[in-house]
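*Asks:* Here it is, the structure in full.
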Amino acid sequence: MERVTDNDHAPLLEVRDVTLRFGGVQALDGVTFDVLPGELFAVIGPNGAGKTSIFNCLNGVYQPQSGVIRLRGEDVLGRKPTAIANMGIARTFQNLGLFANLDVVDNLMLGRHIRMDVGFLAGMTWLGKARRQEIENRRRVEEIIELLELEPHRHTHVGLLPYGVQKRIELGRALAMDPVLLLLDEPVAGMNLEETEDMARYILEIQQELSLAMILVEHDMHMVMDIADRVMALDFGQPLIVGTPDEVQNDPAVIEAYLGGAT
Amino acid sequence: MTATLDRRDPAASPAGAPTTLPGLLLQRAEQTPDRVALRAKELGRWEQFTWSRYATRVADIAAGLRRLGVGPGDTVSIHSEDRVEWLLADLAVQGLGAITVGIYPTSPPDEVEYLLSHSETKVLITEDEEQFDKAMAVWDRLPALREVVVVDPRGIASDVDPRVRTFADLEATGADAGGSLDAYRASVAALDPEQSAIIVYTSGTTGPPKGAMLSHRNLLAVAETAALAYDATPDDEVLSYLPLCHIAERLISCISALRSGYVVNFGEGGPSFGTDMHEVQPTFFLGVPRVWEKMMASIEIRISDASWLKRRTYRLATALAKPVAARRMRGEGSVLDRVRYGIAWLLVFRSLRDKLGLGRIRVALSGAAPIAPQVLEFFWTLGVPIREAYGQTENSALCTFMPADDVRLGTVGKVAPGCELRIAEDGEILTRSAGVFLGYLKNPEATAETVDAEGWLHTGDIGELDADGFLRITDRKKDIIITAGGKNISPSEIENKLKVSPFIREAVVVGDRRKYLTALIGIEFDTVGDWATRRRIPYTTYEDLSSKPEVVQLVQEIVDEVNHQLAQVETIKRYTLLPKELDPEDGELTATQKVKRAALERQFGDLIEAMYR
């Protein structure tokens with residue numbers, strides 16, 4: 001049987017005093033937090049609070065002016081997005097990063113591309129290592145299909161599938177990279193109640209079965225408070241509080257930011 | 001009060017013939033070792049097993065179970081979706097002289113506890129983390145339970161409990177010892193066919209489940225009955241998809257498969273059912289009415305979505321094939337009929353049937369609950385000859401069958417080979433056969449109420465036999481509604497008329513000791529959702545959709561139409577749409593999706609009372 005417990009309590013990800021400015025706009029201001037192995041960490045905040053900016057710093061799209069980001073003790077800042085992806089940070093996109101004209105299996109196989117290192121000739125001739133790797137990758141894709149219950153859609157073009165299913169495939173594509181840290185950018189945006197509940201279930205299952213650390217950015221407060229282990233609330237780029245869902249919900253500063261001080 | 005008896009006696013088997021299912025398995029493995037017996041879709045690919053591999057694996061598992069201390073008379077429970085391991089474990093247990101109990105995958109922990117405790121289960125074979133957690137939650141209170149075996153251990157820590165092991169380990173320890181097949185043969189040869197082989201818990205619509213004990217002889221008798229009724233051959237293919245702990249799927253995937261030697265396929269199940277059907281294209285298929293109704297609804301939706309030309313073609317094909325179907329039900333048919341159906345087949349039905357996975361269907365059955373004649377007519381027109389069958393757990397699943405060449409809609413056919421049928425004074429259907437069970441476990445009172453001194457099984461169903469021996473079932477004895485006006489009404493007939501509509505999933509007619517009839521109606525979320533989307537009616541949840549005035553109006557039209565076909569006292573005066581989908585886990589449905597009337601009337605009591613105000 002597999003072990004699911006992880007005794008390593010050192011933080012997987014350390015974010016220290018990250019500051020990001022666009023001209024006069026302070027997008028992130030002294031953001032500091034840790035993500036532990038296997039933890040489901042959520043970032044909440046009103047529109048424009050800087051949630052997506054954190055993701056963009058984490059995977060190298062933006063370069064913050066100051067601060068430190070370390071994954072398993074290694075510096076992340078200053079690296080290119082591909083190099084960061086190779087370190088094991090994968091993300092899903094709010095508005096889907098899928099190929100509509102490819103089927104589900106091919107989309108997931110593309111997610112595996114980062115794990116393939118076969119040369120052009122071997123790939124063309126389908127020999128030795130190329131064959132072995134393809135079979136191994138296809139097997140891994142099948143495991144993801146099973147985990148996310150995508151079996152009925154295996155050979156359907158992604159563009160033909162309902163939005164809720166596409167969101168799940170998007171999640172599968174990120175998982176196919178075998179990440180150590182998964183960034184989920186509004187995984188339930190635009191979903192109805194039932195689809196949202198399903199997605200929450202899949203996220204919990206991923207956390208349980210793969211003991212994968214995740215950072216979740218989400219507007220749906222019910223879902224965040226239901227499933228997250230810890231939550232960070234942001235307002236205008238500044239962290240208001242980091243704590244358990246209960247602590248965050250009862251924090252006066254958070255209530256103030258969300259309700260505009262109406263008491 | 002007519003008695004019908006079919007003289008063919010399935011119990012009269014030649015000397016030396018197997019008298020148990022494990023015996024049949026060993027015989028198959030000897031006679032056709034290299035024929036395919038099972039297929040399973042794993043990681044998206046179909047893997048197959050021969051009869052010889054089937055028997056070897058069963059023997060290894062039996063050896064592994066023996067090492068865990070399982071012996072004659074012990075109980076082993078299986079808590080899993082349909083999969084190859086289910087059958088392997090079942091036959092291993094039976095071969096040891098032990099007894100198999102199947103638990104529904106949907107059973108909540110308290111029910112799991114009840115079944116494990118009531119059956120005094122010694123070893124539990126559980127599918128995965130989800131089912132394992134249910135057992136772990138209640139293990140403390142189960143002194144008889146010694147070991148738990150997990151088929152798919154993902155997500156379960158290896159050191160969770162020393163009394164837990166994997167199915168693969170169990171099989172490997174059995175295989176490592178060597179000689180498992182010989183040991184299995186010896187223990188199968190020593191089996192007493194009169195002893196219990198399996199216990200099937202009937203998820204009663206009232207009270208706790210009762211454990212029906214079926215002997216090896218019962219199972220062999222029904223195997224023979226089914227073989228005579230349906231002529232299955234080793235070339236047939238079935239898809240295992242209904243819960244195996246239910247006697248109907250057990251009959252198809254295990255009992256009949258061993259007797260007739262056909263191939264049993266295990267797909268990916270659940271939402272992949274449609275894909276599984278399409279890939280397997282079974283030739284022999286048992287559907288519960290819900291499955292047929294859903295297929296019919298999906299076709300109707302697809303046709304209404306199709307282009308004008310396609311709709312016209314479909315109507316033309318239906319018009320051509322309908323009279324052919326009617327003649328085929330009477331066992332008639334001419335060259336002209338073949339041509340007519342051939343045209344319809346080429347135009348529409350070939351691709352339609354292929355999509356549904358019914359392209360190769362030879363024998364299609366419907367059972368476990370009553371089905372509306374309109375649904376049967378629909379499929380006969382497509383060229384899918386559905387034949388109703390009738391039976392219960394207590395007579396090993398089969399006591400009437402529909403002859404292929406004399407199909408009478410609205411009846412469940414004639415007495416099956418080897419069975420007897422009689423209608424009691426009060427209209428109750430009685431059956432007698434070698435398939436009649438041993439009794440309910442630890443419940444002699446219920447057994448005595450069910451089987452009388454002469455061996456007649458009291459089915460609890462009310463029915464009548466016509467002059468040609470066809471049985472028509474009116475309703476469950478206890479479900480008959482007697483209105484305040486003293487009129488006897490069968491609710492299921494009215495409910496089935498409502499459920500013919502693709503928009504209605506559940507209908508429960510209420511009215512016992514009341515002035516008039518009312519109904520609780522549950523919409524079919526998919527089809528009504530599709531209907532609403534097309535009309536640009538926004539909705540979020542089931543409850544929201546149910547409460548839309550347009551949806552209420554849609555259902556009103558269906559109810560009005562049904563009322564037209566009914567006598568005045570039978571009409572539905574008022575109805576309420578259910579605010580939620582019924583769920584076995586909320587105790588509203590049995591595991592086989594039958595509505596639990598009493599539970600529903602309790603839970604939605606205020607809705608019902610409101611209809612009588």
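Labeling convention for the structure tokens: chains A, B, ... as they appear, residues from 1 per chain, ligands from 1 in order of appearance.
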Could you list, as a list in words, every residue within 8 Å of Tyr104 (chain B), counting only C-alpha atoms and ignoring same-chain residues fewer than 2 positions away?
*Replies:*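 Surrounding residues, per the criterion: His79, Ser80, Glu81, Gly102, Thr106, Ser107, Pro243, Cys245 and Ala591 of chain B.
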*Asks:* Store the residues of this selection in a file with N, CA and C atoms, as an mmCIF file, in the first residue's frame.
*Replies:*
data_model
loop_
_atom_site.group_PDB
_atom_site.id
_atom_site.type_symbol
_atom_site.label_atom_id
_atom_site.label_comp_id
_atom_site.auth_asym_id
_atom_site.auth_seq_id
_atom_site.Cartn_x
_atom_site.Cartn_y
_atom_site.Cartn_z
ATOM 1 N N HIS B 79 -18.190 -5.880 -0.578
ATOM 2 C CA HIS B 79 -18.751 -4.530 -0.636
ATOM 3 C C HIS B 79 -18.046 -3.771 -1.755
ATOM 4 N N SER B 80 -18.602 -3.845 -2.950
ATOM 5 C CA SER B 80 -17.882 -3.305 -4.103
ATOM 6 C C SER B 80 -18.824 -3.082 -5.269
ATOM 7 N N GLU B 81 -18.398 -2.189 -6.173
ATOM 8 C CA GLU B 81 -19.064 -2.080 -7.472
ATOM 9 C C GLU B 81 -18.765 -3.373 -8.232
ATOM 10 N N GLY B 102 -23.494 -9.999 -0.439
ATOM 11 C CA GLY B 102 -23.133 -8.806 -1.214
ATOM 12 C C GLY B 102 -23.712 -7.568 -0.549
ATOM 13 N N THR B 106 -23.793 1.635 -2.473
ATOM 14 C CA THR B 106 -24.406 2.871 -1.985
ATOM 15 C C THR B 106 -24.801 2.788 -0.508
ATOM 16 N N SER B 107 -24.631 1.616 0.103
ATOM 17 C CA SER B 107 -25.065 1.491 1.501
ATOM 18 C C SER B 107 -24.280 2.421 2.415
ATOM 19 N N PRO B 243 -26.018 -3.704 -9.799
ATOM 20 C CA PRO B 243 -25.247 -4.188 -8.642
ATOM 21 C C PRO B 243 -25.259 -5.719 -8.553
ATOM 22 N N CYS B 245 -24.819 -7.519 -6.043
ATOM 23 C CA CYS B 245 -25.444 -8.078 -4.855
ATOM 24 C C CYS B 245 -26.934 -8.282 -5.084
ATOM 25 N N ALA B 591 -31.716 0.377 -2.878
ATOM 26 C CA ALA B 591 -30.489 0.374 -3.683
ATOM 27 C C ALA B 591 -30.784 0.064 -5.143
#
*Asks:* Go through chain B and flag each residue having an atom no more than 12 Å from chain A; for those, report the closest pair of atoms plus their distance in Å to one decimal, using only C-alpha atoms, ordered by chain and rising number, as a tab-separated table.
*Replies:*
residue	atom	partner	partner_atom	distance
B:Lys41	CA	A:Glu151	CA	10.7
B:Glu42	CA	A:Glu142	CA	9.0
B:Leu43	CA	A:Glu142	CA	5.3
B:Gly44	CA	A:Glu142	CA	6.8
B:Arg45	CA	A:Glu142	CA	9.8
B:Asp128	CA	A:Glu209	CA	11.8
B:Glu129	CA	A:Glu209	CA	9.8
B:Glu130	CA	A:Glu205	CA	10.9
B:Val150	CA	A:Met1	CA	10.0
B:Val151	CA	A:Met1	CA	10.9
B:Asp152	CA	A:Met1	CA	9.2
B:Pro153	CA	A:Met1	CA	6.0
B:Arg154	CA	A:Glu2	CA	6.6
B:Gly155	CA	A:Glu209	CA	5.1
B:Ile156	CA	A:Met1	CA	7.0
B:Ala157	CA	A:Arg3	CA	5.2
B:Ser158	CA	A:Met1	CA	4.6
B:Asp159	CA	A:Met1	CA	8.4
B:Val160	CA	A:Met1	CA	9.9
B:Asp161	CA	A:Met1	CA	11.9
B:Val164	CA	A:Met1	CA	10.6
B:Arg165	CA	A:Met1	CA	8.9
B:Thr166	CA	A:Met1	CA	7.9
B:Phe167	CA	A:Met1	CA	11.0
B:Ala168	CA	A:Met1	CA	10.5
B:Asp169	CA	A:Met1	CA	10.3
B:Gly267	CA	A:Glu151	CA	10.3
B:Glu268	CA	A:Glu151	CA	7.4
B:Gly269	CA	A:Glu151	CA	9.3
B:Gly270	CA	A:Pro152	CA	9.4
B:Pro271	CA	A:Pro152	CA	6.6
B:Ser272	CA	A:Pro152	CA	4.7
B:Phe273	CA	A:Pro152	CA	8.1
B:Gly274	CA	A:Pro152	CA	7.8
B:Thr275	CA	A:Pro152	CA	6.1
B:Asp276	CA	A:Pro152	CA	8.6
B:Met277	CA	A:Pro152	CA	11.3
B:His278	CA	A:Pro152	CA	11.0
B:Glu279	CA	A:Pro152	CA	11.4
B:Phe525	CA	A:Glu194	CA	11.9
B:Pro538	CA	A:Asn192	CA	11.1
B:Tyr539	CA	A:Asn192	CA	9.1
B:Thr540	CA	A:Asn192	CA	6.0
B:Thr541	CA	A:Leu193	CA	6.6
B:Tyr542	CA	A:Glu194	CA	9.1
B:Glu543	CA	A:Leu193	CA	11.4
B:Asp544	CA	A:Leu193	CA	11.0
*Asks:* Distance CA of Gly119 (chain A)-CA of Asn86 (chain A), one decimal place?
*Replies:*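 If I compute the distance from CA of Gly119 (chain A) to CA of Asn86 (chain A), I get 18.0 Å.
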*Asks:* How close does each residue of region 378-464 of chain B get to region 324-329 of chain B, giving the shortest atom pair and distance in Å to one decimal for every residue with an atom at most 7 Å away, counting only C-alpha atoms, sorted by chain and residue number, as a Markdown table?
*Replies:*
| residue | atom | partner | partner_atom | distance |
| --- | --- | --- | --- | --- |
| B:Trp380 | CA | B:Ala325 | CA | 5.5 |
| B:Thr381 | CA | B:Ala325 | CA | 5.3 |
| B:Asp405 | CA | B:Met329 | CA | 6.0 |
| B:Asp406 | CA | B:Met329 | CA | 5.7 |
| B:Val407 | CA | B:Met329 | CA | 4.8 |
*Asks:* DSSP on the backbone: which residues in region 229-355 of chain B end up as strand (DSSP E or B)? Give the answer as a PyMOL selection string.
*Replies:* chain B and resi 237-240+263-266+284-287
*Asks:* For the structure I just gave you, how does DSSP split region 25-139 of chain B - specifically, which residues are alpha helix (DSSP H)? Reply as a VMD selection string.
*Replies:* chain B and resid 25 to 31 51 to 67 84 to 95 109 to 118 129 to 138
*Asks:* Would you put the residues from that selection into a file with C-alpha atoms, as a tab-separated table (two decimals), in the first residue's frame?
*Replies:*
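To be explicit, this is the file written out as selection-v9.tsv:
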chain	number	residue	atom	x	y	z
B	25	LEU	CA	-16.61	-23.19	-13.08
B	26	LEU	CA	-14.24	-26.15	-12.81
B	27	GLN	CA	-16.10	-27.94	-15.57
B	28	ARG	CA	-15.81	-24.90	-17.89
B	29	ALA	CA	-12.11	-24.60	-17.11
B	30	GLU	CA	-11.62	-28.25	-18.05
B	31	GLN	CA	-13.77	-28.31	-21.17
B	51	TRP	CA	-11.89	-19.90	-18.18
B	52	SER	CA	-8.69	-21.57	-17.07
B	53	ARG	CA	-7.31	-18.31	-15.68
B	54	TYR	CA	-10.69	-17.63	-14.07
B	55	ALA	CA	-10.60	-20.95	-12.22
B	56	THR	CA	-6.95	-20.60	-11.22
B	57	ARG	CA	-7.49	-17.16	-9.77
B	58	VAL	CA	-10.58	-18.32	-7.89
B	59	ALA	CA	-8.60	-21.26	-6.47
B	60	ASP	CA	-5.74	-18.98	-5.37
B	61	ILE	CA	-8.15	-16.62	-3.65
B	62	ALA	CA	-9.89	-19.56	-1.99
B	63	ALA	CA	-6.50	-20.74	-0.70
B	64	GLY	CA	-5.78	-17.24	0.58
B	65	LEU	CA	-9.15	-17.10	2.34
B	66	ARG	CA	-8.58	-20.52	3.88
B	67	ARG	CA	-5.36	-19.19	5.41
B	84	VAL	CA	-13.86	-9.07	-11.87
B	85	GLU	CA	-12.74	-9.45	-8.25
B	86	TRP	CA	-16.39	-9.57	-7.16
B	87	LEU	CA	-16.99	-12.78	-9.11
B	88	LEU	CA	-13.61	-14.26	-8.18
B	89	ALA	CA	-14.23	-13.72	-4.49
B	90	ASP	CA	-17.83	-14.96	-4.70
B	91	LEU	CA	-16.88	-18.27	-6.30
B	92	ALA	CA	-13.86	-18.71	-4.02
B	93	VAL	CA	-16.08	-18.30	-0.96
B	94	GLN	CA	-18.77	-20.65	-2.27
B	95	GLY	CA	-16.12	-23.23	-3.17
B	109	PRO	CA	-22.17	2.96	7.27
B	110	ASP	CA	-25.11	2.10	9.54
B	111	GLU	CA	-26.52	-0.28	6.95
B	112	VAL	CA	-23.06	-1.79	6.40
B	113	GLU	CA	-22.88	-2.33	10.14
B	114	TYR	CA	-26.31	-3.97	10.22
B	115	LEU	CA	-25.50	-6.38	7.39
B	116	LEU	CA	-22.03	-7.31	8.69
B	117	SER	CA	-23.36	-7.82	12.18
B	118	HIS	CA	-26.55	-9.66	11.23
B	129	GLU	CA	-11.01	3.83	0.37
B	130	GLU	CA	-14.63	4.99	0.27
B	131	GLN	CA	-16.08	1.62	1.27
B	132	PHE	CA	-13.15	0.85	3.58
B	133	ASP	CA	-13.87	3.98	5.62
B	134	LYS	CA	-17.46	2.81	6.15
B	135	ALA	CA	-16.24	-0.48	7.60
B	136	MET	CA	-13.54	1.15	9.74
B	137	ALA	CA	-16.15	3.44	11.28
B	138	VAL	CA	-18.12	0.48	12.63
*Asks:* Pick out the closest residue to Arg131 (chain A) from this set: A:Leu183, A:Asp178, A:Ile206, A:Val118. Count only C-alpha atoms.
*Replies:*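 Selected residue with least distance to Arg131 (chain A): A:Val118.
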*Asks:* Taking only C-alpha atoms into account, name the residue in A:Thr82, A:Thr52, A:Asn137, A:Gln94 that is nearest to Met109 (chain A).
*Replies:*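 Among the listed residues, the smallest separation from Met109 (chain A) belongs to A:Asn137.
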*Asks:* I'd like the contact shell of region 43-48 of chain A - 7 Å cut-off, only C-alpha atoms, skipping same-chain residues fewer than 6 positions apart - returned as number ranges by chain.
*Replies:* A: 216-219, 231-236, 258
*Asks:* Could you list, as a list in words, every residue within 9 Å of Leu398 (chain B), counting only C-alpha atoms and ignoring same-chain residues fewer than 2 positions away?
*Replies:*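 Counting only the stated atoms, we get Val222, Thr225, Ala226, Ala248, Ala389, Tyr390, Gly391, Gln392, Thr393, Asn395, Ser396, Thr400, Phe401, Ala416, Cys419 and Gly435 of chain B.
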*Asks:* Save out the residues we just selected, C-alpha atoms, as a PDB file, in the first residue's frame.
*Replies:*
ATOM      1  CA  VAL B 222     -32.397 -21.131 -11.713  1.00  0.00           C
ATOM      2  CA  THR B 225     -34.473 -22.444 -15.858  1.00  0.00           C
ATOM      3  CA  ALA B 226     -32.763 -19.447 -17.443  1.00  0.00           C
ATOM      4  CA  ALA B 248     -30.874 -10.224 -11.152  1.00  0.00           C
ATOM      5  CA  ALA B 389     -39.393 -11.541 -16.794  1.00  0.00           C
ATOM      6  CA  TYR B 390     -40.722 -11.851 -13.273  1.00  0.00           C
ATOM      7  CA  GLY B 391     -39.232 -13.293 -10.151  1.00  0.00           C
ATOM      8  CA  GLN B 392     -37.934 -12.366  -6.730  1.00  0.00           C
ATOM      9  CA  THR B 393     -34.881 -13.025  -4.649  1.00  0.00           C
ATOM     10  CA  ASN B 395     -37.286 -17.852  -5.828  1.00  0.00           C
ATOM     11  CA  SER B 396     -33.792 -17.151  -7.182  1.00  0.00           C
ATOM     12  CA  THR B 400     -42.108 -16.349 -15.437  1.00  0.00           C
ATOM     13  CA  PHE B 401     -40.627 -15.535 -18.830  1.00  0.00           C
ATOM     14  CA  ALA B 416     -40.798 -20.490 -16.547  1.00  0.00           C
ATOM     15  CA  CYS B 419     -41.620 -23.574 -12.030  1.00  0.00           C
ATOM     16  CA  GLY B 435     -35.342 -22.214  -6.830  1.00  0.00           C
TER      17      GLY B 435
END
*Asks:* Grab the CA of Gly38 (chain A) to CA of Ile89 (chain A) distance for me, in Å with one decimal place.
*Replies:*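 Distance between the two atoms: 13.6 Å.
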*Asks:* Record the distance separating CA of Ile489 (chain B) and CA of Val562 (chain B), expressed in Å with one decimal.
*Replies:* 15.3 Å
*Asks:* When you look at Ile215 (chain A) with a cut-off of 7 Å (counting only C-alpha atoms), what residues show up, excluding the ones that are within fewer than 3 positions of it in the same chain? I need them as a tab-separated table (two decimals) with C-alpha atoms, in the first residue's frame.
*Replies:*
chain	number	residue	atom	x	y	z
A	40	LEU	CA	-4.77	23.37	0.64
A	41	PHE	CA	-4.05	27.08	0.95
A	42	ALA	CA	-6.58	29.64	-0.25
A	182	LEU	CA	-0.68	23.24	-7.97
A	183	LEU	CA	-2.09	26.74	-8.46
A	184	LEU	CA	-5.85	26.81	-9.02
